[in-house]
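Text of run06.txt, listed as compact mmCIF, C-alpha atoms (C1' of nucleotides):
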```
# COMPACT_ATOMS: atom_id res chain seq x y z
CA MET A 24 17.88 34.30 30.34
CA SER A 25 18.28 33.13 26.77
CA LEU A 26 15.40 35.26 25.61
CA LYS A 27 17.29 38.30 26.87
CA ILE A 28 20.25 37.21 24.79
CA ALA A 29 18.01 36.76 21.78
CA LEU A 30 16.50 40.21 22.16
CA LEU A 31 19.83 41.91 22.74
CA GLY A 32 21.40 39.96 19.89
CA ILE A 33 18.71 41.05 17.48
CA LEU A 34 18.66 44.63 18.77
CA ASP A 35 22.40 44.68 18.21
CA LEU A 36 21.73 44.27 14.51
CA ALA A 37 19.01 46.92 14.33
CA PRO A 38 16.77 48.89 16.68
CA MET A 39 13.26 47.50 16.81
CA THR A 40 9.88 47.46 18.46
CA GLY A 41 8.57 44.47 20.38
CA TYR A 42 6.34 43.73 17.46
CA ASP A 43 9.28 43.70 15.07
CA LEU A 44 11.20 41.46 17.43
CA LYS A 45 8.41 38.92 17.45
CA LYS A 46 8.48 38.72 13.68
CA SER A 47 12.25 38.72 13.60
CA ILE A 48 12.39 35.81 16.01
CA GLU A 49 9.90 33.87 13.94
CA ALA A 50 11.93 34.52 10.83
CA SER A 51 15.40 33.81 12.15
CA VAL A 52 15.73 31.80 15.35
CA ALA A 53 12.41 29.95 15.38
CA HIS A 54 14.14 26.61 14.75
CA PHE A 55 15.76 26.68 18.18
CA TRP A 56 13.80 29.28 20.11
CA SER A 57 10.25 30.47 20.31
CA ALA A 58 8.79 33.28 22.32
CA ASP A 59 5.35 34.38 23.22
CA GLN A 60 4.53 37.95 22.25
CA SER A 61 3.66 39.01 25.78
CA GLN A 62 6.89 37.46 27.04
CA ILE A 63 8.85 39.50 24.54
CA TYR A 64 7.30 42.73 25.77
CA ARG A 65 7.90 41.84 29.40
CA THR A 66 11.49 40.83 28.77
CA LEU A 67 12.04 43.98 26.76
CA ALA A 68 10.74 46.03 29.69
CA ALA A 69 13.19 44.18 31.93
CA LEU A 70 16.06 45.01 29.58
CA VAL A 71 15.11 48.68 29.71
CA SER A 72 14.84 48.74 33.49
CA ASP A 73 18.26 47.07 33.66
CA GLY A 74 19.68 49.75 31.41
CA LEU A 75 20.57 47.25 28.69
CA ALA A 76 18.25 48.86 26.18
CA ASP A 77 16.50 52.18 25.86
CA VAL A 78 13.40 53.35 24.11
CA GLU A 79 12.87 55.89 21.39
CA VAL A 80 9.20 56.74 21.11
CA ILE A 81 8.13 57.45 17.56
CA PRO A 82 4.62 58.91 17.46
CA GLN A 83 2.15 57.40 15.05
CA GLU A 84 -1.45 57.96 14.18
CA GLY A 85 -4.09 55.28 14.11
CA ARG A 86 -2.03 52.82 16.12
CA PRO A 87 0.10 52.88 19.27
CA ASP A 88 3.36 54.78 19.06
CA ARG A 89 6.37 52.79 17.93
CA ARG A 90 8.50 52.16 20.97
CA GLU A 91 11.75 51.48 19.21
CA HIS A 92 14.26 49.75 21.44
CA HIS A 93 17.96 50.39 21.04
CA ILE A 94 20.71 48.35 22.66
CA THR A 95 22.85 50.47 25.00
CA SER A 96 26.57 50.11 25.48
CA ALA A 97 25.85 48.38 28.79
CA GLY A 98 23.64 46.05 26.78
CA ARG A 99 26.44 45.29 24.35
CA THR A 100 28.74 44.53 27.26
CA ALA A 101 26.15 42.26 28.88
CA LEU A 102 25.57 40.47 25.58
CA GLY A 103 29.28 39.88 25.15
CA ASP A 104 29.59 38.63 28.71
CA TRP A 105 26.71 36.23 28.27
CA LEU A 106 28.09 34.91 25.01
CA ARG A 107 31.50 34.31 26.60
CA ALA A 108 30.19 32.86 29.88
CA PRO A 109 30.84 29.15 30.47
CA LEU A 110 28.24 26.87 28.94
CA GLU A 111 25.67 25.95 31.53
CA PRO A 112 25.38 22.18 32.01
CA GLU A 113 22.28 21.25 30.09
CA THR A 114 19.37 19.58 31.76
CA SER A 115 17.45 17.99 28.96
CA HIS A 116 13.70 17.68 29.26
CA ASP A 117 12.40 15.42 26.55
CA ALA A 118 8.70 14.67 26.82
CA PHE A 119 8.79 12.19 23.96
CA LEU A 120 11.46 10.02 25.58
CA MET A 121 9.48 10.20 28.78
CA ARG A 122 6.50 8.71 27.01
CA LEU A 123 8.54 6.08 25.30
CA PHE A 124 10.15 5.04 28.55
CA PHE A 125 6.78 4.25 30.10
CA VAL A 126 4.64 3.27 27.13
CA GLY A 127 5.73 -0.38 27.35
CA THR A 128 2.96 -1.24 29.77
CA LEU A 129 0.42 -0.40 27.05
CA GLY A 130 1.85 -3.03 24.73
CA VAL A 131 3.52 -3.19 21.35
CA PRO A 132 0.77 -1.57 19.23
CA ALA A 133 0.65 1.57 21.40
CA THR A 134 4.44 1.69 21.28
CA ARG A 135 4.46 1.46 17.50
CA ALA A 136 1.84 4.20 17.29
CA LEU A 137 4.03 6.46 19.38
CA LEU A 138 7.06 5.79 17.20
CA ARG A 139 5.02 6.42 14.06
CA ALA A 140 3.85 9.75 15.43
CA ARG A 141 7.42 10.65 16.21
CA ARG A 142 8.51 9.77 12.71
CA GLY A 143 5.88 12.11 11.36
CA GLN A 144 7.13 14.89 13.56
CA ALA A 145 10.78 14.32 12.70
CA THR A 146 10.07 14.10 8.99
CA ALA A 147 8.13 17.35 9.03
CA MET A 148 10.86 19.04 11.03
CA LEU A 149 13.52 17.84 8.63
CA ALA A 150 11.60 19.06 5.61
CA ALA A 151 11.03 22.46 7.17
CA LEU A 152 14.67 22.88 8.10
CA ARG A 153 15.87 21.80 4.68
CA SER A 154 13.61 24.26 2.95
CA VAL A 155 14.86 27.11 5.13
CA ALA A 156 18.45 26.02 4.52
CA GLU A 157 17.87 26.00 0.77
CA GLN A 158 16.45 29.50 0.87
CA GLU A 159 19.49 30.61 2.84
CA GLN A 160 21.70 29.08 0.17
CA ALA A 161 19.67 30.62 -2.64
CA HIS A 162 20.09 34.10 -1.17
CA ARG A 163 23.75 33.72 -1.93
CA GLU A 164 24.05 34.59 -5.60
CA PRO A 165 26.28 32.26 -7.63
CA ASP A 166 28.63 35.07 -8.56
CA ASP A 167 28.56 36.55 -5.07
CA ARG A 168 32.15 37.34 -4.28
CA ALA A 169 31.33 38.88 -0.89
CA PRO A 170 33.18 37.16 1.93
CA ASP A 171 30.93 34.56 3.44
CA ASP A 172 30.92 36.34 6.76
CA LEU A 173 31.08 34.65 10.13
CA GLY A 174 27.57 35.59 11.20
CA ARG A 175 26.14 34.12 8.06
CA ARG A 176 28.05 30.88 8.46
CA LEU A 177 26.94 30.58 12.05
CA ARG A 178 23.30 31.15 11.18
CA PHE A 179 23.64 28.40 8.63
CA ALA A 180 25.39 26.19 11.18
CA THR A 181 22.41 26.39 13.53
CA LEU A 182 20.23 25.12 10.71
CA ARG A 183 22.65 22.31 9.94
CA ASN A 184 22.55 21.38 13.60
CA GLY A 185 18.81 20.91 13.44
CA ILE A 186 19.07 18.96 10.21
CA LEU A 187 21.70 16.55 11.53
CA HIS A 188 19.69 15.96 14.70
CA ALA A 189 16.50 15.35 12.76
CA GLU A 190 18.35 12.84 10.61
CA ALA A 191 19.77 11.19 13.70
CA GLU A 192 16.27 10.95 15.12
CA LEU A 193 15.01 9.24 11.98
CA ALA A 194 17.94 6.82 11.98
CA TRP A 195 17.23 6.04 15.61
CA LEU A 196 13.58 5.40 14.80
CA VAL A 197 14.55 2.84 12.16
CA GLU A 198 16.89 1.11 14.59
CA THR A 199 14.29 1.16 17.34
CA LYS A 200 11.50 -0.22 15.19
CA GLU A 201 13.77 -3.10 14.20
CA ALA A 202 14.59 -3.76 17.85
CA LEU A 203 10.89 -4.23 18.56
CA GLY A 204 10.98 -7.16 16.18
CA MET B 6 2.85 17.62 32.78
CA SER B 7 5.68 15.26 31.95
CA LEU B 8 6.83 15.14 35.54
CA LYS B 9 3.38 13.86 36.46
CA ILE B 10 3.81 11.11 33.87
CA ALA B 11 7.22 10.30 35.29
CA LEU B 12 5.94 10.04 38.84
CA LEU B 13 2.91 7.98 37.88
CA GLY B 14 5.02 5.78 35.63
CA ILE B 15 7.47 5.04 38.41
CA LEU B 16 4.76 4.62 41.04
CA ASP B 17 3.13 2.14 38.68
CA LEU B 18 6.19 -0.07 39.13
CA ALA B 19 6.34 0.26 42.91
CA PRO B 20 4.89 2.46 45.67
CA MET B 21 7.38 5.03 46.88
CA THR B 22 8.05 8.13 48.93
CA GLY B 23 9.04 11.44 47.36
CA TYR B 24 12.55 10.77 48.51
CA ASP B 25 12.63 7.42 46.76
CA LEU B 26 11.21 8.99 43.62
CA LYS B 27 13.99 11.52 43.52
CA LYS B 28 16.60 8.78 43.62
CA SER B 29 14.67 6.67 41.18
CA ILE B 30 14.50 9.52 38.69
CA GLU B 31 18.21 10.12 39.01
CA ALA B 32 18.89 6.46 38.44
CA SER B 33 16.57 5.83 35.54
CA VAL B 34 15.33 8.81 33.55
CA ALA B 35 18.02 11.37 34.34
CA HIS B 36 19.32 11.28 30.76
CA PHE B 37 16.15 12.91 29.46
CA TRP B 38 14.49 14.40 32.54
CA SER B 39 15.59 16.02 35.74
CA ALA B 40 13.50 17.19 38.62
CA ASP B 41 14.12 19.29 41.62
CA GLN B 42 13.36 17.61 44.91
CA SER B 43 10.86 20.24 46.01
CA GLN B 44 9.12 20.04 42.65
CA ILE B 45 8.72 16.30 43.08
CA TYR B 46 6.99 16.77 46.41
CA ARG B 47 4.71 19.47 45.05
CA THR B 48 3.79 17.43 42.00
CA LEU B 49 3.20 14.41 44.19
CA ALA B 50 0.83 16.48 46.33
CA ALA B 51 -0.98 17.51 43.14
CA LEU B 52 -1.35 13.88 42.11
CA VAL B 53 -2.86 13.05 45.48
CA SER B 54 -5.28 15.96 45.40
CA ASP B 55 -6.32 14.86 41.89
CA GLY B 56 -6.97 11.36 43.16
CA LEU B 57 -4.28 9.85 40.92
CA ALA B 58 -2.22 8.64 43.88
CA ASP B 59 -2.86 8.06 47.54
CA VAL B 60 -0.68 8.00 50.58
CA GLU B 61 0.08 5.32 53.10
CA VAL B 62 1.74 6.81 56.15
CA ILE B 63 4.30 4.51 57.66
CA PRO B 64 5.42 5.80 61.07
CA GLN B 65 9.13 5.95 61.73
CA GLU B 66 11.30 7.07 64.58
CA GLY B 67 14.13 9.52 64.29
CA ARG B 68 13.03 10.81 60.91
CA PRO B 69 9.79 11.95 59.28
CA ASP B 70 7.21 9.27 58.62
CA ARG B 71 7.42 7.57 55.25
CA ARG B 72 4.61 8.90 53.14
CA GLU B 73 4.46 6.06 50.67
CA HIS B 74 2.55 6.99 47.54
CA HIS B 75 0.55 4.40 45.64
CA ILE B 76 -0.88 4.90 42.18
CA THR B 77 -4.68 4.62 42.14
CA SER B 78 -6.75 3.08 39.39
CA ALA B 79 -7.68 6.61 38.30
CA GLY B 80 -3.94 7.24 38.16
CA ARG B 81 -3.38 4.24 35.95
CA THR B 82 -6.12 5.44 33.65
CA ALA B 83 -4.67 8.95 33.51
CA LEU B 84 -1.21 7.53 32.80
CA GLY B 85 -2.54 5.45 29.94
CA ASP B 86 -4.44 8.43 28.55
CA TRP B 87 -1.37 10.63 28.68
CA LEU B 88 0.79 8.00 27.01
CA ARG B 89 -1.75 7.61 24.22
CA ALA B 90 -2.46 11.33 23.75
CA PRO B 91 -1.24 12.94 20.51
CA LEU B 92 2.34 14.14 20.63
CA GLU B 93 2.44 17.82 21.45
CA PRO B 94 4.27 19.87 18.80
CA GLU B 95 7.66 20.49 20.28
CA THR B 96 8.97 23.97 20.77
CA SER B 97 12.70 23.56 21.09
CA HIS B 98 14.61 25.93 23.32
CA ASP B 99 18.31 25.47 22.74
CA ALA B 100 20.49 27.92 24.63
CA PHE B 101 23.68 26.74 22.96
CA LEU B 102 22.38 27.40 19.45
CA MET B 103 21.21 30.78 20.68
CA ARG B 104 24.74 31.62 21.69
CA LEU B 105 26.22 30.32 18.50
CA PHE B 106 23.79 32.32 16.42
CA PHE B 107 24.96 35.57 17.98
CA VAL B 108 28.57 34.87 18.89
CA GLY B 109 29.81 35.94 15.46
CA THR B 110 30.12 39.56 16.49
CA LEU B 111 32.79 38.53 19.02
CA GLY B 112 34.98 37.13 16.27
CA VAL B 113 36.43 33.78 15.28
CA PRO B 114 38.42 33.01 18.46
CA ALA B 115 35.37 33.41 20.72
CA THR B 116 33.40 31.27 18.29
CA ARG B 117 36.01 28.54 18.37
CA ALA B 118 36.06 28.66 22.16
CA LEU B 119 32.30 28.14 22.22
CA LEU B 120 32.52 25.19 19.86
CA ARG B 121 35.34 23.66 21.91
CA ALA B 122 33.27 23.96 25.07
CA ARG B 123 30.39 22.29 23.30
CA ARG B 124 32.61 19.47 22.16
CA GLY B 125 33.65 18.91 25.75
CA GLN B 126 30.03 18.76 26.82
CA ALA B 127 29.00 16.42 24.04
CA THR B 128 31.96 14.12 24.62
CA ALA B 129 31.22 13.87 28.32
CA MET B 130 27.55 13.24 27.61
CA LEU B 131 28.39 10.51 25.13
CA ALA B 132 30.77 8.79 27.55
CA ALA B 133 28.21 8.90 30.34
CA LEU B 134 25.44 7.48 28.17
CA ARG B 135 27.68 4.74 26.83
CA SER B 136 28.69 3.66 30.28
CA VAL B 137 25.08 3.48 31.43
CA ALA B 138 24.18 1.55 28.27
CA GLU B 139 26.99 -0.93 28.91
CA GLN B 140 25.81 -1.49 32.45
CA GLU B 141 22.31 -2.11 31.13
CA GLN B 142 23.73 -4.66 28.72
CA ALA B 143 25.85 -6.30 31.41
CA HIS B 144 22.82 -6.83 33.60
CA ARG B 145 21.62 -9.19 30.96
CA GLU B 146 23.49 -12.45 31.62
CA PRO B 147 24.89 -14.19 28.53
CA ASP B 148 22.76 -17.29 29.17
CA ASP B 149 19.71 -15.23 30.10
CA ARG B 150 16.86 -16.87 28.29
CA ALA B 151 14.25 -14.52 29.76
CA PRO B 152 12.32 -12.71 27.03
CA ASP B 153 13.88 -9.33 26.46
CA ASP B 154 10.73 -7.58 27.55
CA LEU B 155 9.29 -4.49 25.93
CA GLY B 156 9.93 -2.19 28.89
CA ARG B 157 13.56 -3.16 28.95
CA ARG B 158 13.99 -2.59 25.23
CA LEU B 159 12.34 0.81 25.49
CA ARG B 160 14.51 1.89 28.39
CA PHE B 161 17.50 0.91 26.30
CA ALA B 162 16.05 2.74 23.30
CA THR B 163 15.93 6.00 25.24
CA LEU B 164 19.63 5.59 25.96
CA ARG B 165 20.36 4.84 22.31
CA ASN B 166 18.47 8.00 21.41
CA GLY B 167 20.80 10.06 23.57
CA ILE B 168 23.84 8.30 22.16
CA LEU B 169 22.86 8.85 18.54
CA HIS B 170 22.13 12.51 19.20
CA ALA B 171 25.43 13.00 21.00
CA GLU B 172 27.22 11.42 18.05
CA ALA B 173 25.30 13.66 15.66
CA GLU B 174 26.32 16.67 17.71
CA LEU B 175 29.99 15.68 17.50
CA ALA B 176 29.72 15.10 13.76
CA TRP B 177 28.09 18.49 13.39
CA LEU B 178 30.90 20.09 15.40
CA VAL B 179 33.52 18.64 13.04
CA GLU B 180 31.60 19.90 10.02
CA THR B 181 31.11 23.32 11.60
CA LYS B 182 34.74 23.75 12.58
CA GLU B 183 35.74 22.98 9.01
CA ALA B 184 33.24 25.51 7.72
CA LEU B 185 34.96 28.19 9.78
CA GLY B 186 38.08 27.51 7.74
C1' DT C 1 34.97 15.15 68.31
C1' DG C 2 33.18 17.28 64.63
C1' DT C 3 31.60 16.73 59.90
C1' DT C 4 29.38 14.49 56.37
C1' DT C 5 25.88 11.34 54.54
C1' DA C 6 21.49 9.20 54.54
C1' DT C 7 16.69 9.44 55.49
C1' DA C 8 12.35 12.27 54.70
C1' DT C 9 9.39 16.31 54.14
C1' DT C 10 8.11 21.09 53.46
C1' DG C 11 7.93 26.14 52.55
C1' DG C 12 9.27 30.74 50.45
C1' DA C 13 11.02 33.37 46.66
C1' DT C 14 11.74 33.88 42.09
C1' DC C 15 12.00 32.84 37.15
C1' DA C 16 10.62 31.77 32.49
C1' DC C 17 7.10 30.96 29.93
C1' DA C 18 2.35 30.00 27.81
C1' DC C 19 -2.38 31.18 27.08
C1' DC C 20 -5.86 34.49 26.87
C1' DT C 21 -7.68 38.98 26.72
C1' DA C 22 -8.08 44.03 25.85
C1' DT C 23 -7.23 48.29 23.23
C1' DA C 24 -7.18 51.02 18.76
C1' DT C 25 -7.37 51.87 13.79
C1' DA C 26 -6.77 51.08 8.81
C1' DG C 27 -7.32 48.35 4.99
C1' DG C 28 -8.62 44.35 2.55
C1' DT C 29 -11.65 40.14 2.04
C1' DT C 30 -15.92 37.28 1.98
C1' DA D 12 -22.07 44.23 6.72
C1' DA D 13 -19.14 41.24 9.02
C1' DC D 14 -14.82 39.44 9.39
C1' DC D 15 -9.74 38.99 9.04
C1' DT D 16 -5.06 40.86 8.89
C1' DA D 17 -1.56 44.12 10.01
C1' DT D 18 0.33 47.33 13.25
C1' DA D 19 1.53 48.02 18.24
C1' DT D 20 1.41 47.47 23.27
C1' DA D 21 0.16 45.57 27.72
C1' DG D 22 -2.12 43.13 31.68
C1' DG D 23 -4.00 38.86 34.15
C1' DT D 24 -3.45 34.27 35.42
C1' DG D 25 -1.59 29.86 35.75
C1' DT D 26 2.07 26.28 35.36
C1' DG D 27 6.29 24.27 35.74
C1' DA D 28 10.54 24.66 37.36
C1' DT D 29 14.81 26.21 40.05
C1' DC D 30 17.24 27.72 44.17
C1' DC D 31 17.56 28.05 48.85
C1' DA D 32 16.56 27.05 53.51
C1' DA D 33 14.63 24.68 57.57
C1' DT D 34 13.62 20.55 60.39
C1' DA D 35 15.05 16.12 62.69
C1' DT D 36 17.91 12.07 63.85
C1' DA D 37 21.18 8.19 63.29
C1' DA D 38 25.18 6.28 61.51
C1' DA D 39 29.54 6.48 59.36
C1' DC D 40 33.80 8.73 58.78
C1' DA D 41 37.99 11.51 59.41
```
Any chance you could put this one into structure tokens?
Amino acid sequence: MSLKIALLGILDLAPMTGYDLKKSIEASVAHFWSADQSQIYRTLAALVSDGLADVEVIPQEGRPDRREHHITSAGRTALGDWLRAPLEPETSHDAFLMRLFFVGTLGVPATRALLRARRGQATAMLAALRSVAEQEQAHREPDDRAPDDLGRRLRFATLRNGILHAEAELAWLVETKEALG
Amino acid sequence: MSLKIALLGILDLAPMTGYDLKKSIEASVAHFWSADQSQIYRTLAALVSDGLADVEVIPQEGRPDRREHHITSAGRTALGDWLRAPLEPETSHDAFLMRLFFVGTLGVPATRALLRARRGQATAMLAALRSVAEQEQAHREPDDRAPDDLGRRLRFATLRNGILHAEAELAWLVETKEALG
DNA sequence: TGTTTATATTGGATCACACCTATATAGGTT
DNA sequence: AACCTATATAGGTGTGATCCAATATAAACA
């Protein structure tokens, strides 16, 4: 469901091929969503068969034709409806916490190893997010008087969300290591 | 994969039926994992066919026989291997951030509504986790001299993880609301 | 008396997604 | 000469999960 939102949301900004969408996702929403290339094409086909997008075929030579997908007005309506729909109750599935919950039987050293690995992950994540956030900031010229538009602020907010959670994870790791004595 | 770990991890504590496992999951790991009842039975069947668990049928009257599942030694080995395996790189899929990323086109009021809904969710989550954590604490009698064993600390740590993340989410919401001006 | 809850298992349908492969060509790299 | 990357699409297969429904009985509740 969310991948449909992602595709419609991106197509709402500009018409694109599946290939473009894949790159666009990697460049913009990768920090909270990832999508397999074949899944993108299948979902895109579903959008078309639901009338939420349509295809403009642009012939090319030497490679397959560009199948440029455009959001339809039904698609814009569906996107709006999805965005306004009540938040679904979230069912978290955290494989790391699962491990931690049961790793006790293996003893303290195995537990420490797991926490160390997690710290590595969280640190890398934090660094990656910070570097993307800095680039975002840098794109805004110092003398840029353009109104800092809502979309831009929200894109930045999703990055900040990841950063704050990564920091919380690291703080929790410190606390937890201490609790192991 | 993680559901297999969960089932083996719980079966390692005590033999159980699928029905028991469902309740056990709800009572112990629900804050980071949920599982559909039919999925539990199917996964349990997979464990048996892989030789990681076996079944003791205990006849009953008036209801289906108890099919009590016991972890095998191969199961204990597999559990240990899984717990020690390198952490898989996590691909986060966050539907809320997806919405937020695209909700800008609907304007500021819709954005605020989304953030409000999220605050409600996060507040409820935090309250629920805190109450479970307090119960966990209360179970430990004030004069309890028993060593605070590793498993217990780790179960508590998974709760603390949820609490810290919920707090981070609320802090992020405050920051984000301010950024909307 | 009728409904709900608890116990216990199982199957079908469907969804979302990941991993791998195939196709086709141009251009650049080793 | 052999390989990799970019462009562009698409199918096969498997896994994990959700939702829904059926079966069967006893006890508790309204």
Q.
Residues of chain D within 12 Å of chain A, counting only C-alpha atoms (C1' of nucleotides) - could you list those as number ranges by chain?
A. D: 17-23, 27-29
So that I have them on file, write out the residues from the current selection with C-alpha atoms (C1' of nucleotides), as a PDB file, in the coordinates of the input.
```pdb
ATOM      1  C1'  DA D  17      -1.560  44.120  10.010  1.00  0.00           C
ATOM      2  C1'  DT D  18       0.330  47.330  13.250  1.00  0.00           C
ATOM      3  C1'  DA D  19       1.530  48.020  18.240  1.00  0.00           C
ATOM      4  C1'  DT D  20       1.410  47.470  23.270  1.00  0.00           C
ATOM      5  C1'  DA D  21       0.160  45.570  27.720  1.00  0.00           C
ATOM      6  C1'  DG D  22      -2.120  43.130  31.680  1.00  0.00           C
ATOM      7  C1'  DG D  23      -4.000  38.860  34.150  1.00  0.00           C
ATOM      8  C1'  DG D  27       6.290  24.270  35.740  1.00  0.00           C
ATOM      9  C1'  DA D  28      10.540  24.660  37.360  1.00  0.00           C
ATOM     10  C1'  DT D  29      14.810  26.210  40.050  1.00  0.00           C
TER      11       DT D  29
END
```
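In this model, the gap between CA of Gln44 in chain B and CA of Ala118 in chain A comes to 16.7 Å.
Near range 57-61 of chain B, within a cut-off of 7 Å and counting all atoms listed in the file, sit the residues Leu52, Val53, Arg72, Glu73, His74, His75, Ile76, Thr77, Ala79 and Gly80 of chain B, with same-chain residues fewer than 4 positions away left out.
Note that the spacing between CA of Glu95 in chain B and CA of Ile48 in chain A amounts to 16.6 Å.
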Q | Test item: residues at most 8 Å from range 115-124 of chain B, only C-alpha atoms (C1' of nucleotides), excluding those fewer than 4 positions along its chain, as JSON, numbers by chain | A | {"A": [107, 109, 110], "B": [105, 108, 109, 111, 128, 175, 178, 182]}
Q | Who sits within 10 Å of DC15 in chain D, only C-alpha atoms (C1' of nucleotides), same chain under 3 positions skipped, as a ChimeraX atom specification | A | /C:28-30
List every residue of chain A that has an atom at most 8 Å from any atom of chain B, and for each one report the closest atom pair and its distance in Å to one decimal, counting only C-alpha atoms, with rows sorted by chain and then by increasing residue number, as CSV.
```
residue,atom,partner,partner_atom,distance
A:Ser25,CA,B:Ala100,CA,6.1
A:Ile28,CA,B:Met103,CA,7.7
A:Ala29,CA,B:Met103,CA,6.9
A:Gly32,CA,B:Phe107,CA,6.0
A:Val52,CA,B:Met103,CA,7.7
A:His54,CA,B:Ser97,CA,7.2
A:Phe55,CA,B:Ser97,CA,5.3
A:Trp56,CA,B:His98,CA,4.7
A:Ser57,CA,B:Thr96,CA,6.6
A:Gly103,CA,B:Leu111,CA,7.2
A:Leu106,CA,B:Arg104,CA,5.8
A:Arg107,CA,B:Ala115,CA,7.1
A:Pro109,CA,B:Ala122,CA,7.9
A:Leu110,CA,B:Ala122,CA,7.0
A:Pro112,CA,B:Gln126,CA,7.8
A:Thr114,CA,B:Ser39,CA,6.5
A:Ser115,CA,B:Phe37,CA,5.3
A:His116,CA,B:Trp38,CA,4.7
A:Asp117,CA,B:Phe37,CA,5.4
A:Ala118,CA,B:Ser7,CA,6.0
A:Phe119,CA,B:Leu92,CA,7.5
A:Leu120,CA,B:Thr163,CA,6.0
A:Met121,CA,B:Ala11,CA,6.9
A:Arg122,CA,B:Leu88,CA,5.8
A:Leu123,CA,B:Leu159,CA,6.5
A:Phe124,CA,B:Arg160,CA,5.4
A:Phe125,CA,B:Gly14,CA,6.0
A:Val126,CA,B:Leu88,CA,6.1
A:Gly127,CA,B:Gly156,CA,4.8
A:Thr128,CA,B:Gly156,CA,7.1
A:Leu129,CA,B:Gly85,CA,7.2
A:Gly130,CA,B:Leu155,CA,7.7
A:Val131,CA,B:Leu155,CA,7.5
A:Ala133,CA,B:Arg89,CA,7.1
A:Leu137,CA,B:Arg89,CA,7.6
A:Ala140,CA,B:Leu92,CA,7.0
A:Arg141,CA,B:Leu92,CA,7.6
A:Gln144,CA,B:Pro94,CA,7.8
A:Leu173,CA,B:Gly109,CA,5.6
A:Gly174,CA,B:Gly109,CA,4.8
A:Arg176,CA,B:Ala184,CA,7.5
A:Leu177,CA,B:Phe106,CA,5.7
A:Arg178,CA,B:Phe106,CA,5.4
A:Ala180,CA,B:Thr181,CA,6.4
A:Thr181,CA,B:Leu102,CA,6.0
A:Arg183,CA,B:Trp177,CA,7.5
A:Asn184,CA,B:Trp177,CA,6.3
A:Leu187,CA,B:Ala173,CA,6.2
A:His188,CA,B:Ala173,CA,6.1
A:Ala191,CA,B:His170,CA,6.1
A:Glu192,CA,B:Asn166,CA,7.3
A:Trp195,CA,B:Asn166,CA,6.2
A:Thr199,CA,B:Ala162,CA,6.4
A:Ala202,CA,B:Arg158,CA,7.5
A:Leu203,CA,B:Arg158,CA,7.5
```
I need the chosen residues saved as a compact mmCIF listing (two decimals), in the coordinates of the input, with C-alpha atoms.
```txt
# COMPACT_ATOMS: atom_id res chain seq x y z
CA SER A 25 18.28 33.13 26.77
CA ILE A 28 20.25 37.21 24.79
CA ALA A 29 18.01 36.76 21.78
CA GLY A 32 21.40 39.96 19.89
CA VAL A 52 15.73 31.80 15.35
CA HIS A 54 14.14 26.61 14.75
CA PHE A 55 15.76 26.68 18.18
CA TRP A 56 13.80 29.28 20.11
CA SER A 57 10.25 30.47 20.31
CA GLY A 103 29.28 39.88 25.15
CA LEU A 106 28.09 34.91 25.01
CA ARG A 107 31.50 34.31 26.60
CA PRO A 109 30.84 29.15 30.47
CA LEU A 110 28.24 26.87 28.94
CA PRO A 112 25.38 22.18 32.01
CA THR A 114 19.37 19.58 31.76
CA SER A 115 17.45 17.99 28.96
CA HIS A 116 13.70 17.68 29.26
CA ASP A 117 12.40 15.42 26.55
CA ALA A 118 8.70 14.67 26.82
CA PHE A 119 8.79 12.19 23.96
CA LEU A 120 11.46 10.02 25.58
CA MET A 121 9.48 10.20 28.78
CA ARG A 122 6.50 8.71 27.01
CA LEU A 123 8.54 6.08 25.30
CA PHE A 124 10.15 5.04 28.55
CA PHE A 125 6.78 4.25 30.10
CA VAL A 126 4.64 3.27 27.13
CA GLY A 127 5.73 -0.38 27.35
CA THR A 128 2.96 -1.24 29.77
CA LEU A 129 0.42 -0.40 27.05
CA GLY A 130 1.85 -3.03 24.73
CA VAL A 131 3.52 -3.19 21.35
CA ALA A 133 0.65 1.57 21.40
CA LEU A 137 4.03 6.46 19.38
CA ALA A 140 3.85 9.75 15.43
CA ARG A 141 7.42 10.65 16.21
CA GLN A 144 7.13 14.89 13.56
CA LEU A 173 31.08 34.65 10.13
CA GLY A 174 27.57 35.59 11.20
CA ARG A 176 28.05 30.88 8.46
CA LEU A 177 26.94 30.58 12.05
CA ARG A 178 23.30 31.15 11.18
CA ALA A 180 25.39 26.19 11.18
CA THR A 181 22.41 26.39 13.53
CA ARG A 183 22.65 22.31 9.94
CA ASN A 184 22.55 21.38 13.60
CA LEU A 187 21.70 16.55 11.53
CA HIS A 188 19.69 15.96 14.70
CA ALA A 191 19.77 11.19 13.70
CA GLU A 192 16.27 10.95 15.12
CA TRP A 195 17.23 6.04 15.61
CA THR A 199 14.29 1.16 17.34
CA ALA A 202 14.59 -3.76 17.85
CA LEU A 203 10.89 -4.23 18.56
```
Q) So how many Å separate CA of Ala51 in chain B and CA of Leu26 in chain B, to one decimal? A) 14.9 Å
